[in-house]
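Heads up, model-v2.cif below (mmCIF, C-alpha atoms):
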```cif
data_my_file
#
loop_
_atom_site.label_atom_id
_atom_site.label_comp_id
_atom_site.auth_asym_id
_atom_site.auth_seq_id
_atom_site.Cartn_x
_atom_site.Cartn_y
_atom_site.Cartn_z
CA MET A 759 94.84 103.76 95.90
CA PHE A 760 94.27 101.17 98.64
CA GLU A 761 91.24 99.80 96.85
CA HIS A 762 93.25 99.47 93.67
CA LEU A 763 96.00 97.61 95.48
CA ALA A 764 93.48 95.31 97.16
CA ASN A 765 91.81 94.53 93.84
CA LEU A 766 95.19 93.76 92.36
CA VAL A 767 96.08 91.33 95.15
CA ALA A 768 92.71 89.61 95.54
CA PHE A 769 91.51 89.37 91.97
CA GLY A 770 94.77 89.63 89.99
CA LEU A 771 97.48 87.99 92.06
CA LEU A 772 95.35 85.34 93.77
CA GLY A 773 92.92 84.99 90.86
CA LEU A 774 89.83 85.06 93.08
CA GLY A 775 86.47 85.98 91.56
CA ALA A 776 85.15 89.42 92.47
CA GLU A 777 81.77 87.81 93.14
CA SER A 778 83.10 84.98 95.26
CA ARG A 779 82.90 85.11 99.05
CA VAL A 780 86.57 84.44 99.57
CA GLY A 781 87.43 87.08 96.97
CA ALA A 782 85.33 89.70 98.71
CA ALA A 783 86.81 88.82 102.10
CA VAL A 784 90.41 88.90 100.86
CA GLN A 785 89.86 92.18 99.02
CA PHE A 786 88.40 93.73 102.20
CA PHE A 787 91.27 92.40 104.30
CA VAL A 788 94.06 93.68 102.07
CA MET A 789 92.40 97.06 101.62
CA ASP A 790 91.87 97.62 105.33
CA VAL A 791 95.24 96.33 106.47
CA THR A 792 97.11 98.67 104.13
CA LYS A 793 94.83 101.65 104.69
CA ILE A 794 94.48 101.41 108.47
CA PHE A 795 98.14 100.75 109.19
CA ALA A 796 99.24 103.54 106.84
CA LEU A 797 96.85 105.93 108.62
CA LEU A 798 97.89 104.68 112.06
CA ILE A 799 101.57 105.29 111.46
CA LEU A 800 100.96 108.68 109.87
CA VAL A 801 98.60 109.95 112.57
CA ILE A 802 100.66 108.74 115.53
CA TYR A 803 103.82 110.17 114.00
CA VAL A 804 102.25 113.59 113.43
CA MET A 805 100.73 113.63 116.93
CA GLY A 806 104.11 112.67 118.37
CA LEU A 807 105.86 115.40 116.41
CA LEU A 808 103.42 117.98 117.75
CA ARG A 809 103.57 116.36 121.17
CA ALA A 810 99.81 116.57 121.09
CA MET A 811 99.28 113.67 123.45
CA LEU A 812 98.86 114.54 127.08
CA SER A 813 100.22 112.61 130.02
CA PRO A 814 97.86 111.66 132.87
CA GLU A 815 100.06 113.67 135.24
CA ARG A 816 99.25 116.84 133.31
CA VAL A 817 95.55 115.99 133.13
CA ARG A 818 95.52 115.63 136.90
CA ALA A 819 97.13 119.03 137.31
CA PHE A 820 94.57 120.62 134.95
CA VAL A 821 91.52 119.05 136.55
CA ARG A 822 92.25 119.32 140.27
CA GLY A 823 90.53 121.99 142.31
CA ARG A 824 88.03 123.04 139.68
CA PRO A 825 84.26 123.20 140.14
CA ASP A 826 82.47 119.99 139.24
CA TRP A 827 81.18 120.86 135.79
CA GLN A 828 84.51 122.32 134.68
CA ALA A 829 86.42 119.35 136.04
CA ARG A 830 84.08 116.98 134.24
CA GLY A 831 84.33 118.84 130.96
CA LEU A 832 88.11 118.78 131.16
CA ALA A 833 88.21 115.13 132.22
CA VAL A 834 86.05 114.10 129.28
CA THR A 835 87.89 116.11 126.62
CA LEU A 836 91.35 115.39 128.02
CA GLY A 837 90.42 111.72 128.38
CA ALA A 838 89.79 111.73 124.66
CA VAL A 839 93.31 112.97 123.89
CA THR A 840 95.18 111.00 126.54
CA PRO A 841 96.18 107.56 125.39
CA PHE A 842 96.97 105.51 128.43
CA CYS A 843 97.63 101.84 128.76
CA SER A 844 95.08 100.06 130.95
CA CYS A 845 98.01 98.84 133.03
CA SER A 846 98.25 102.44 134.27
CA SER A 847 94.61 102.63 135.43
CA VAL A 848 95.47 101.90 139.05
CA PRO A 849 98.07 104.64 139.62
CA LEU A 850 95.89 106.97 137.56
CA PHE A 851 92.85 106.28 139.72
CA ILE A 852 94.80 106.74 142.95
CA GLY A 853 96.44 109.91 141.64
CA PHE A 854 93.04 111.42 140.83
CA VAL A 855 91.56 110.44 144.20
CA GLU A 856 94.56 111.90 146.00
CA ALA A 857 94.17 115.19 144.14
CA GLY A 858 90.63 115.44 145.54
CA ILE A 859 89.08 115.03 142.09
CA PRO A 860 85.49 113.72 142.59
CA LEU A 861 85.09 110.02 141.76
CA GLY A 862 82.34 110.79 139.25
CA VAL A 863 84.81 112.95 137.31
CA THR A 864 87.43 110.20 137.46
CA PHE A 865 84.89 107.75 136.07
CA SER A 866 84.10 110.20 133.26
CA PHE A 867 87.80 110.15 132.41
CA LEU A 868 87.99 106.35 132.60
CA ILE A 869 85.02 106.06 130.22
CA ALA A 870 86.24 108.61 127.69
CA SER A 871 89.86 107.54 127.52
CA PRO A 872 89.61 104.03 126.02
CA MET A 873 86.55 104.85 123.91
CA ILE A 874 87.74 107.99 122.16
CA ASN A 875 91.19 109.00 121.05
CA GLU A 876 92.45 111.21 118.28
CA VAL A 877 94.08 108.32 116.43
CA ALA A 878 90.85 106.31 116.30
CA ALA A 879 88.97 109.48 115.34
CA VAL A 880 91.15 110.11 112.29
CA ILE A 881 90.90 106.47 111.21
CA LEU A 882 87.12 106.62 111.65
CA VAL A 883 87.01 109.60 109.28
CA GLY A 884 89.23 107.73 106.82
CA ILE A 885 87.23 104.50 106.86
CA LEU A 886 83.64 105.47 107.66
CA GLY A 887 83.49 109.17 106.75
CA TRP A 888 83.30 112.27 108.92
CA LYS A 889 79.59 111.98 109.69
CA LEU A 890 79.93 108.64 111.45
CA ALA A 891 83.15 109.76 113.08
CA ALA A 892 81.36 112.81 114.49
CA LEU A 893 78.46 110.64 115.68
CA TYR A 894 80.78 108.20 117.44
CA VAL A 895 82.89 110.89 119.09
CA SER A 896 79.93 112.97 120.26
CA ALA A 897 78.09 109.88 121.52
CA GLY A 898 81.23 108.86 123.40
CA LEU A 899 81.62 112.30 124.99
CA LEU A 900 77.96 112.30 126.05
CA VAL A 901 78.19 108.85 127.59
CA ALA A 902 81.39 109.79 129.44
CA TRP A 903 79.79 113.00 130.77
CA PHE A 904 76.53 111.49 131.96
CA GLY A 905 77.97 108.10 132.87
CA GLY A 906 80.34 109.70 135.38
CA MET A 907 77.49 111.84 136.72
CA ALA A 908 75.27 108.77 137.18
CA MET A 909 78.08 106.99 139.05
CA GLN A 910 78.35 109.95 141.43
CA VAL A 911 74.69 109.62 142.45
CA PHE A 912 75.46 106.22 144.00
CA ARG A 913 78.23 107.65 146.22
CA PRO A 914 80.94 105.28 144.95
CA GLU A 915 83.39 106.63 147.58
CA ARG A 916 82.18 103.96 150.01
CA TRP A 917 83.50 101.24 147.68
CA VAL A 918 87.02 102.58 147.30
CA GLU A 919 89.59 100.33 148.99
CA ASP A 920 90.84 101.83 152.27
CA TYR A 921 94.52 101.92 151.39
CA VAL A 922 93.82 104.24 148.44
CA TRP A 923 92.85 107.11 150.77
CA LYS A 924 96.12 106.79 152.67
CA ILE A 925 98.46 107.21 149.73
CA ARG A 926 100.12 110.60 149.40
CA MET A 927 101.41 111.58 146.05
CA GLY A 928 104.72 113.34 145.53
CA ASP A 929 105.06 116.43 143.36
CA ALA A 930 104.36 115.49 139.77
CA ALA A 931 107.69 114.89 138.20
CA ALA A 932 108.71 117.44 135.62
CA ILE A 933 110.54 115.53 132.94
CA GLU A 934 112.71 117.46 130.54
CA GLU A 935 111.50 117.21 126.98
CA ASP A 936 113.79 117.44 124.02
CA GLN A 937 112.07 120.14 121.95
CA THR A 938 114.48 120.21 119.01
CA LEU A 939 113.19 118.86 115.71
CA LEU A 940 115.42 115.81 115.96
CA GLY A 941 114.21 115.19 119.50
CA ARG A 942 110.60 115.46 118.40
CA HIS A 943 111.23 113.12 115.48
CA ARG A 944 112.79 110.55 117.82
CA TYR A 945 109.91 110.89 120.24
CA ALA A 946 107.38 110.49 117.41
CA VAL A 947 109.08 107.36 116.08
CA GLY A 948 109.10 105.99 119.62
CA GLU A 949 105.38 106.69 119.96
CA VAL A 950 104.64 104.95 116.66
CA LYS A 951 106.58 101.89 117.78
CA ALA A 952 105.00 101.85 121.23
CA ILE A 953 101.38 102.39 120.17
CA VAL A 954 101.41 100.24 117.04
CA GLY A 955 103.27 97.59 119.04
CA ARG A 956 100.50 97.66 121.61
CA ILE A 957 97.48 97.59 119.34
CA TRP A 958 98.48 95.89 116.07
CA ALA A 959 97.08 92.51 117.09
CA TRP A 960 93.68 94.04 117.95
CA VAL A 961 93.59 95.90 114.66
CA LEU A 962 94.49 92.80 112.65
CA LEU A 963 91.90 90.76 114.52
CA GLY A 964 89.27 93.43 113.90
CA ILE A 965 90.06 93.52 110.19
CA GLY A 966 89.87 89.71 110.05
CA VAL A 967 86.45 89.66 111.68
CA GLY A 968 85.32 92.49 109.41
CA ALA A 969 86.58 90.65 106.32
CA ILE A 970 84.76 87.45 107.24
CA PHE A 971 81.57 89.39 107.95
CA HIS A 972 81.97 91.26 104.66
CA GLY A 973 82.58 88.14 102.59
CA PHE A 974 80.38 85.50 104.18
CA VAL A 975 77.35 87.07 105.84
CA PRO A 976 74.50 87.49 103.35
CA ALA A 977 73.12 91.03 103.14
CA ASP A 978 69.45 90.01 103.08
CA TRP A 979 69.89 88.04 106.32
CA VAL A 980 71.44 91.13 107.93
CA THR A 981 68.68 93.45 106.75
CA ARG A 982 66.02 91.07 108.04
CA HIS A 983 67.52 90.52 111.48
CA LEU A 984 69.78 93.48 112.24
CA GLY A 985 68.21 96.25 110.16
CA GLY A 986 67.18 98.19 113.23
CA ASN A 987 63.48 97.47 113.34
CA ALA A 988 63.66 95.05 116.23
CA TRP A 989 64.21 96.84 119.57
CA TYR A 990 66.29 94.03 121.06
CA THR A 991 69.18 94.25 118.57
CA VAL A 992 70.73 97.21 120.41
CA PRO A 993 70.84 95.65 123.92
CA ALA A 994 71.96 92.39 122.30
CA ALA A 995 74.85 94.22 120.61
CA VAL A 996 75.82 95.85 123.93
CA LEU A 997 75.71 92.52 125.80
CA LEU A 998 77.78 90.89 123.06
CA GLY A 999 80.36 93.66 123.39
CA ILE A 1000 80.86 93.35 127.16
CA PRO A 1001 82.89 90.10 127.18
CA LEU A 1002 84.54 91.04 123.88
CA TYR A 1003 87.35 93.51 124.03
CA SER A 1004 89.27 95.35 121.40
CA ASN A 1005 91.12 98.59 121.11
CA ALA A 1006 89.00 101.49 119.77
CA THR A 1007 90.87 101.32 116.45
CA GLY A 1008 90.46 97.56 116.11
CA ILE A 1009 86.69 97.73 116.20
CA ILE A 1010 86.47 100.17 113.26
CA PRO A 1011 86.84 97.59 110.44
CA VAL A 1012 84.17 95.44 112.09
CA ALA A 1013 81.82 98.42 112.11
CA GLU A 1014 82.72 99.14 108.49
CA ALA A 1015 81.70 95.61 107.44
CA MET A 1016 78.51 95.73 109.53
CA LEU A 1017 77.37 99.07 108.12
CA GLY A 1018 78.23 97.92 104.61
CA LYS A 1019 75.84 95.00 104.97
CA GLY A 1020 73.05 97.19 106.30
CA VAL A 1021 73.25 96.80 110.08
CA ALA A 1022 71.51 99.82 111.63
CA VAL A 1023 73.77 102.73 112.64
CA GLY A 1024 72.66 102.79 116.29
CA THR A 1025 73.19 99.06 116.68
CA THR A 1026 76.68 99.33 115.19
CA LEU A 1027 77.65 102.30 117.37
CA ALA A 1028 76.37 100.52 120.49
CA LEU A 1029 78.54 97.48 119.71
CA MET A 1030 81.59 99.65 118.99
CA MET A 1031 81.32 101.56 122.25
CA SER A 1032 80.63 98.45 124.29
CA VAL A 1033 83.61 96.60 122.84
CA ALA A 1034 85.99 99.55 123.24
CA ALA A 1035 84.96 100.88 126.65
CA LEU A 1036 83.90 97.83 128.64
CA SER A 1037 86.50 95.17 129.08
CA LEU A 1038 86.98 92.40 131.59
CA PRO A 1039 90.78 92.81 131.86
CA GLU A 1040 90.42 96.47 132.76
CA MET A 1041 87.72 95.66 135.31
CA LEU A 1042 90.04 93.15 136.95
CA ILE A 1043 92.81 95.75 137.10
CA LEU A 1044 90.46 98.34 138.62
CA ARG A 1045 89.39 95.76 141.22
CA LYS A 1046 92.65 96.64 143.02
CA VAL A 1047 91.26 100.06 143.90
CA ILE A 1048 87.46 99.64 144.02
CA ARG A 1049 85.19 96.83 145.15
CA TRP A 1050 82.95 94.69 142.99
CA GLN A 1051 79.83 96.75 143.78
CA ALA A 1052 81.36 99.79 142.08
CA LEU A 1053 82.60 97.77 139.12
CA GLY A 1054 79.18 96.17 138.65
CA LEU A 1055 77.57 99.58 138.80
CA PHE A 1056 80.13 100.93 136.32
CA ALA A 1057 79.33 98.13 133.84
CA ALA A 1058 75.57 98.58 134.34
CA VAL A 1059 75.65 102.37 133.88
CA LEU A 1060 77.67 102.00 130.69
CA ALA A 1061 75.51 99.20 129.30
CA ILE A 1062 72.36 101.29 129.84
CA ALA A 1063 73.99 104.38 128.35
CA PHE A 1064 75.15 102.52 125.21
CA THR A 1065 71.70 101.01 124.77
CA LEU A 1066 70.02 104.41 125.00
CA VAL A 1067 72.51 105.91 122.51
CA GLY A 1068 71.97 102.99 120.10
CA TRP A 1069 68.18 103.30 120.28
CA ALA A 1070 68.34 107.07 119.81
CA PHE A 1071 70.48 106.80 116.68
CA ASN A 1072 68.32 104.03 115.23
CA VAL A 1073 65.23 106.21 115.70
CA ILE A 1074 66.88 109.30 114.19
CA ALA A 1075 68.28 107.33 111.26
CA MET B 1296 127.29 103.62 141.80
CA LYS B 1297 124.14 104.75 140.09
CA LYS B 1298 120.84 103.70 141.57
CA PHE B 1299 118.03 102.94 139.16
CA LYS B 1300 114.42 102.26 140.09
CA VAL B 1301 111.81 101.05 137.66
CA LEU B 1302 108.32 102.08 138.76
CA GLY B 1303 105.41 99.89 137.71
CA GLY B 1304 102.89 97.41 139.03
CA GLY B 1305 104.31 94.40 137.24
CA CYS B 1306 103.13 95.21 133.71
CA ARG B 1307 104.95 93.78 130.70
CA ASN B 1308 106.46 97.13 129.69
CA CYS B 1309 107.90 97.54 133.19
CA GLU B 1310 109.73 94.21 132.83
CA ILE B 1311 111.03 95.29 129.43
CA THR B 1312 112.22 98.62 130.84
CA ALA B 1313 114.13 96.91 133.65
CA ASN B 1314 115.74 94.55 131.16
CA VAL B 1315 116.72 97.39 128.81
CA ILE B 1316 118.49 99.22 131.65
CA ALA B 1317 120.28 96.10 132.90
CA GLN B 1318 121.38 95.29 129.37
CA ALA B 1319 122.66 98.80 128.66
CA ALA B 1320 124.67 98.79 131.89
CA LYS B 1321 126.20 95.45 131.02
CA GLU B 1322 127.17 96.63 127.56
CA ALA B 1323 128.73 99.80 128.93
CA GLY B 1324 130.55 97.81 131.60
CA VAL B 1325 129.05 100.02 134.29
CA GLU B 1326 127.87 98.62 137.59
CA ILE B 1327 124.48 99.83 138.66
CA GLU B 1328 121.90 99.10 141.29
CA LEU B 1329 118.48 98.23 139.86
CA GLU B 1330 115.29 97.95 141.87
CA LYS B 1331 111.76 97.23 140.67
CA VAL B 1332 109.22 99.23 142.63
CA THR B 1333 105.75 97.70 142.51
CA ASP B 1334 104.22 99.28 145.60
CA MET B 1335 101.63 101.84 144.48
CA ALA B 1336 102.22 104.15 147.44
CA ARG B 1337 105.90 104.42 146.55
CA ILE B 1338 105.25 104.81 142.81
CA LEU B 1339 102.84 107.68 143.42
CA GLY B 1340 105.23 109.05 146.01
CA TYR B 1341 107.50 109.88 143.09
CA GLY B 1342 104.64 111.77 141.43
CA VAL B 1343 104.34 109.21 138.66
CA MET B 1344 100.92 108.04 137.43
CA SER B 1345 101.80 106.57 134.05
CA THR B 1346 103.98 103.51 134.27
CA PRO B 1347 106.64 102.38 133.61
CA GLY B 1348 108.61 105.17 135.21
CA VAL B 1349 112.35 105.39 135.71
CA VAL B 1350 114.05 106.96 138.73
CA LEU B 1351 117.78 107.69 138.60
CA ASP B 1352 119.40 108.59 141.90
CA GLU B 1353 116.04 109.64 143.35
CA THR B 1354 115.11 111.87 140.38
CA VAL B 1355 112.32 110.85 138.00
CA VAL B 1356 113.85 110.86 134.54
CA HIS B 1357 111.13 109.12 132.56
CA ALA B 1358 107.47 108.07 132.75
CA GLY B 1359 104.76 106.49 130.64
CA SER B 1360 106.62 104.25 128.22
CA VAL B 1361 109.61 102.02 127.59
CA PRO B 1362 112.52 104.49 127.29
CA ALA B 1363 114.46 104.69 124.02
CA PRO B 1364 117.79 102.81 123.89
CA ASP B 1365 119.95 105.91 123.42
CA GLN B 1366 118.20 107.57 126.35
CA VAL B 1367 119.01 104.58 128.54
CA ARG B 1368 122.63 104.59 127.39
CA ALA B 1369 122.91 108.26 128.32
CA TRP B 1370 121.61 107.54 131.84
CA VAL B 1371 123.98 104.67 132.37
CA ARG B 1372 127.06 106.51 131.15
CA GLY B 1373 126.14 110.14 131.99
#
```

When written as structure tokens, how does the structure in this file appear?
Amino acid sequence: MFEHLANLVAFGLLGLGAESRVGAAVQFFVMDVTKIFALLILVIYVMGLLRAMLSPERVRAFVRGRPDWQARGLAVTLGAVTPFCSCSSVPLFIGFVEAGIPLGVTFSFLIASPMINEVAAVILVGILGWKLAALYVSAGLLVAWFGGMAMQVFRPERWVEDYVWKIRMGDAAAIEEDQTLLGRHRYAVGEVKAIVGRIWAWVLLGIGVGAIFHGFVPADWVTRHLGGNAWYTVPAAVLLGIPLYSNATGIIPVAEAMLGKGVAVGTTLALMMSVAALSLPEMLILRKVIRWQALGLFAAVLAIAFTLVGWAFNVIA
Amino acid sequence: MKKFKVLGGGCRNCEITANVIAQAAKEAGVEIELEKVTDMARILGYGVMSTPGVVLDETVVHAGSVPAPDQVRAWVRG
């Protein structure tokens, strides 16, 4: 349906040749804009209706006081279903510390949360198929699990700002939820507005980059340089992704275009994870609670983890 | 007079939330007291981790997003 519409716009309405570069780019753009935004609205609405998204306050209550491995498992899986705005990272971090949750577990949560979420997962299935979606999600969970564990080895507690330890948190506020169907509908519409309002620019940007890649980058050049035979393409993709930031959903169309032109799977996954999980703005926000040493370590651990994942998938594929 | 507090470390949505409440009060012709709380210790003191949060007369009534307009109207009038 979306492909048909895109063909109609690009080749019919605008009269572009199907073989031309501009035609291919426009067709890609129209198809992805309609498909991704339709999926976004649908998925967020349904999640809102089910109230399937968890608040960080509830995650904290679930995780606190559990043995390490259980806490980590919960932090990673709950991180994947808790959409939180990076502007909330500071209170979230302090709240976890105050609950006595080990820092390594908190880092696991901070890795999983931006990288994986149920909305991005559904769109991944819709755009790239369930196999790649499963690969991305399981790779993300693995990195979050072991990344947080690796952080713990370096005793990051010594880099936490002093004031953080002094804060005492009040009882988590129990907010009344309107559980009637109308209440749920209102909540779901609100969620759609809030989340789409927050990420639409990233998604559009991602589709634009994907469209240009799809239309203008020659496939034989890609196969020669990014086909996965050269070992350095994976670390290069990770390094490229560190200064770049996009929402996890926004990076999907870029990955779609890359895979379509024959970029190796591991290289693509490494770029996706690096762009979604590592971002300078979030680092600057976290600087309020931890010192540079911990942030540098955080970036290094993630960069190494993404590189290893990328290499592994390139070898398997 | 009702006392509102908007909890949040200066993010854009916190500003929007404060404006929405001020606007709703003006429209309803109700006088309120509105304070923006940016100090993390105080925000967490209310048990709120996801900002923006809204406190009405020392009770947390909302957290994690910009509240819906009809919700805000209900608080102002209520």

I'd like the contact shell of range 1334-1345 of chain B - 8 Å cut-off, only C-alpha atoms, skipping same-chain residues fewer than 2 positions apart - returned as a PyMOL selection string. (chain A and resi 813-815+842+846+849-850+853+925-931) or (chain B and resi 1302-1304+1332+1347-1348+1355+1358-1360)

Which one is closest to Ile957 in chain A: A:Ile799, A:Leu1060, A:Ala879, A:Ala969? Count all atoms listed in the file. A:Ile799

Taking 3 positions as the minimum chain separation for residues in the same chain, which residues sit within 12 Å of Leu939 in chain A when counting all atoms listed in the file? Answer as number ranges by chain. A: 806-809, 935-936, 942-946

Name all residues at most 9 Å from range 880-884 of chain A (count only C-alpha atoms; drop same-chain ones fewer than 6 positions away) and give them as a PyMOL selection string. chain A and resi 793-794+797-798+801+890-892+894+1007+1010

Test item: residues at most 7 Å from Ala1006 in chain A, all atoms listed in the file, excluding those fewer than 6 positions along its chain, as a PyMOL selection string: chain A and resi 872-873+878+1034

Using all atoms listed in the file, which residue out of B:Val1371, B:Val1350, B:Val1301, B:Cys1306 lies closest to chain A? B:Cys1306

Which residue is closest to chain A? Choose from B:Ile1316, B:Ala1363, B:Met1296, B:Ala1323 and count only C-alpha atoms. B:Ala1363

For Ala764 in chain A: contacts at 12 Å, all atoms listed in the file, fewer than 5 positions along chain excluded, given as a PDB file with C-alpha atoms, in the frame of the given file:
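selection-v4.pdb, freshly written:
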```pdb
ATOM      1  CA  MET A 759      94.840 103.760  95.900  1.00  0.00           C
ATOM      2  CA  PHE A 769      91.510  89.370  91.970  1.00  0.00           C
ATOM      3  CA  GLY A 770      94.770  89.630  89.990  1.00  0.00           C
ATOM      4  CA  LEU A 771      97.480  87.990  92.060  1.00  0.00           C
ATOM      5  CA  LEU A 772      95.350  85.340  93.770  1.00  0.00           C
ATOM      6  CA  LEU A 774      89.830  85.060  93.080  1.00  0.00           C
ATOM      7  CA  ALA A 776      85.150  89.420  92.470  1.00  0.00           C
ATOM      8  CA  GLY A 781      87.430  87.080  96.970  1.00  0.00           C
ATOM      9  CA  ALA A 782      85.330  89.700  98.710  1.00  0.00           C
ATOM     10  CA  ALA A 783      86.810  88.820 102.100  1.00  0.00           C
ATOM     11  CA  VAL A 784      90.410  88.900 100.860  1.00  0.00           C
ATOM     12  CA  GLN A 785      89.860  92.180  99.020  1.00  0.00           C
ATOM     13  CA  PHE A 786      88.400  93.730 102.200  1.00  0.00           C
ATOM     14  CA  PHE A 787      91.270  92.400 104.300  1.00  0.00           C
ATOM     15  CA  VAL A 788      94.060  93.680 102.070  1.00  0.00           C
ATOM     16  CA  MET A 789      92.400  97.060 101.620  1.00  0.00           C
ATOM     17  CA  ASP A 790      91.870  97.620 105.330  1.00  0.00           C
ATOM     18  CA  VAL A 791      95.240  96.330 106.470  1.00  0.00           C
ATOM     19  CA  THR A 792      97.110  98.670 104.130  1.00  0.00           C
ATOM     20  CA  LYS A 793      94.830 101.650 104.690  1.00  0.00           C
TER      21      LYS A 793
END
```

Give me the result of the PyMOL selection byres ((chain B and resi 1299) around 8) on this file, residue by residue, as a list in words.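 For this structure, the PyMOL selection byres ((chain B and resi 1299) around 8) resolves to Lys1297, Lys1298, Lys1300, Val1301, Ile1327, Glu1328, Leu1329, Glu1330, Val1349, Val1350, Leu1351 and Asp1352 of chain B.
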
Export of prior selection with C-alpha atoms as a PDB file, in the frame of the given file:
```pdb
ATOM      1  CA  LYS B1297     124.140 104.750 140.090  1.00  0.00           C
ATOM      2  CA  LYS B1298     120.840 103.700 141.570  1.00  0.00           C
ATOM      3  CA  LYS B1300     114.420 102.260 140.090  1.00  0.00           C
ATOM      4  CA  VAL B1301     111.810 101.050 137.660  1.00  0.00           C
ATOM      5  CA  ILE B1327     124.480  99.830 138.660  1.00  0.00           C
ATOM      6  CA  GLU B1328     121.900  99.100 141.290  1.00  0.00           C
ATOM      7  CA  LEU B1329     118.480  98.230 139.860  1.00  0.00           C
ATOM      8  CA  GLU B1330     115.290  97.950 141.870  1.00  0.00           C
ATOM      9  CA  VAL B1349     112.350 105.390 135.710  1.00  0.00           C
ATOM     10  CA  VAL B1350     114.050 106.960 138.730  1.00  0.00           C
ATOM     11  CA  LEU B1351     117.780 107.690 138.600  1.00  0.00           C
ATOM     12  CA  ASP B1352     119.400 108.590 141.900  1.00  0.00           C
TER      13      ASP B1352
END
```

Run the PyMOL selection byres ((chain A and resi 895-901) around 10) on the file and write out the hits as a ChimeraX atom specification. /A:831,834-835,837-838,866-867,869-871,873-876,878-879,882,890-894,902-907,1027-1028,1031,1035,1059-1060,1062-1064,1066-1068,1071
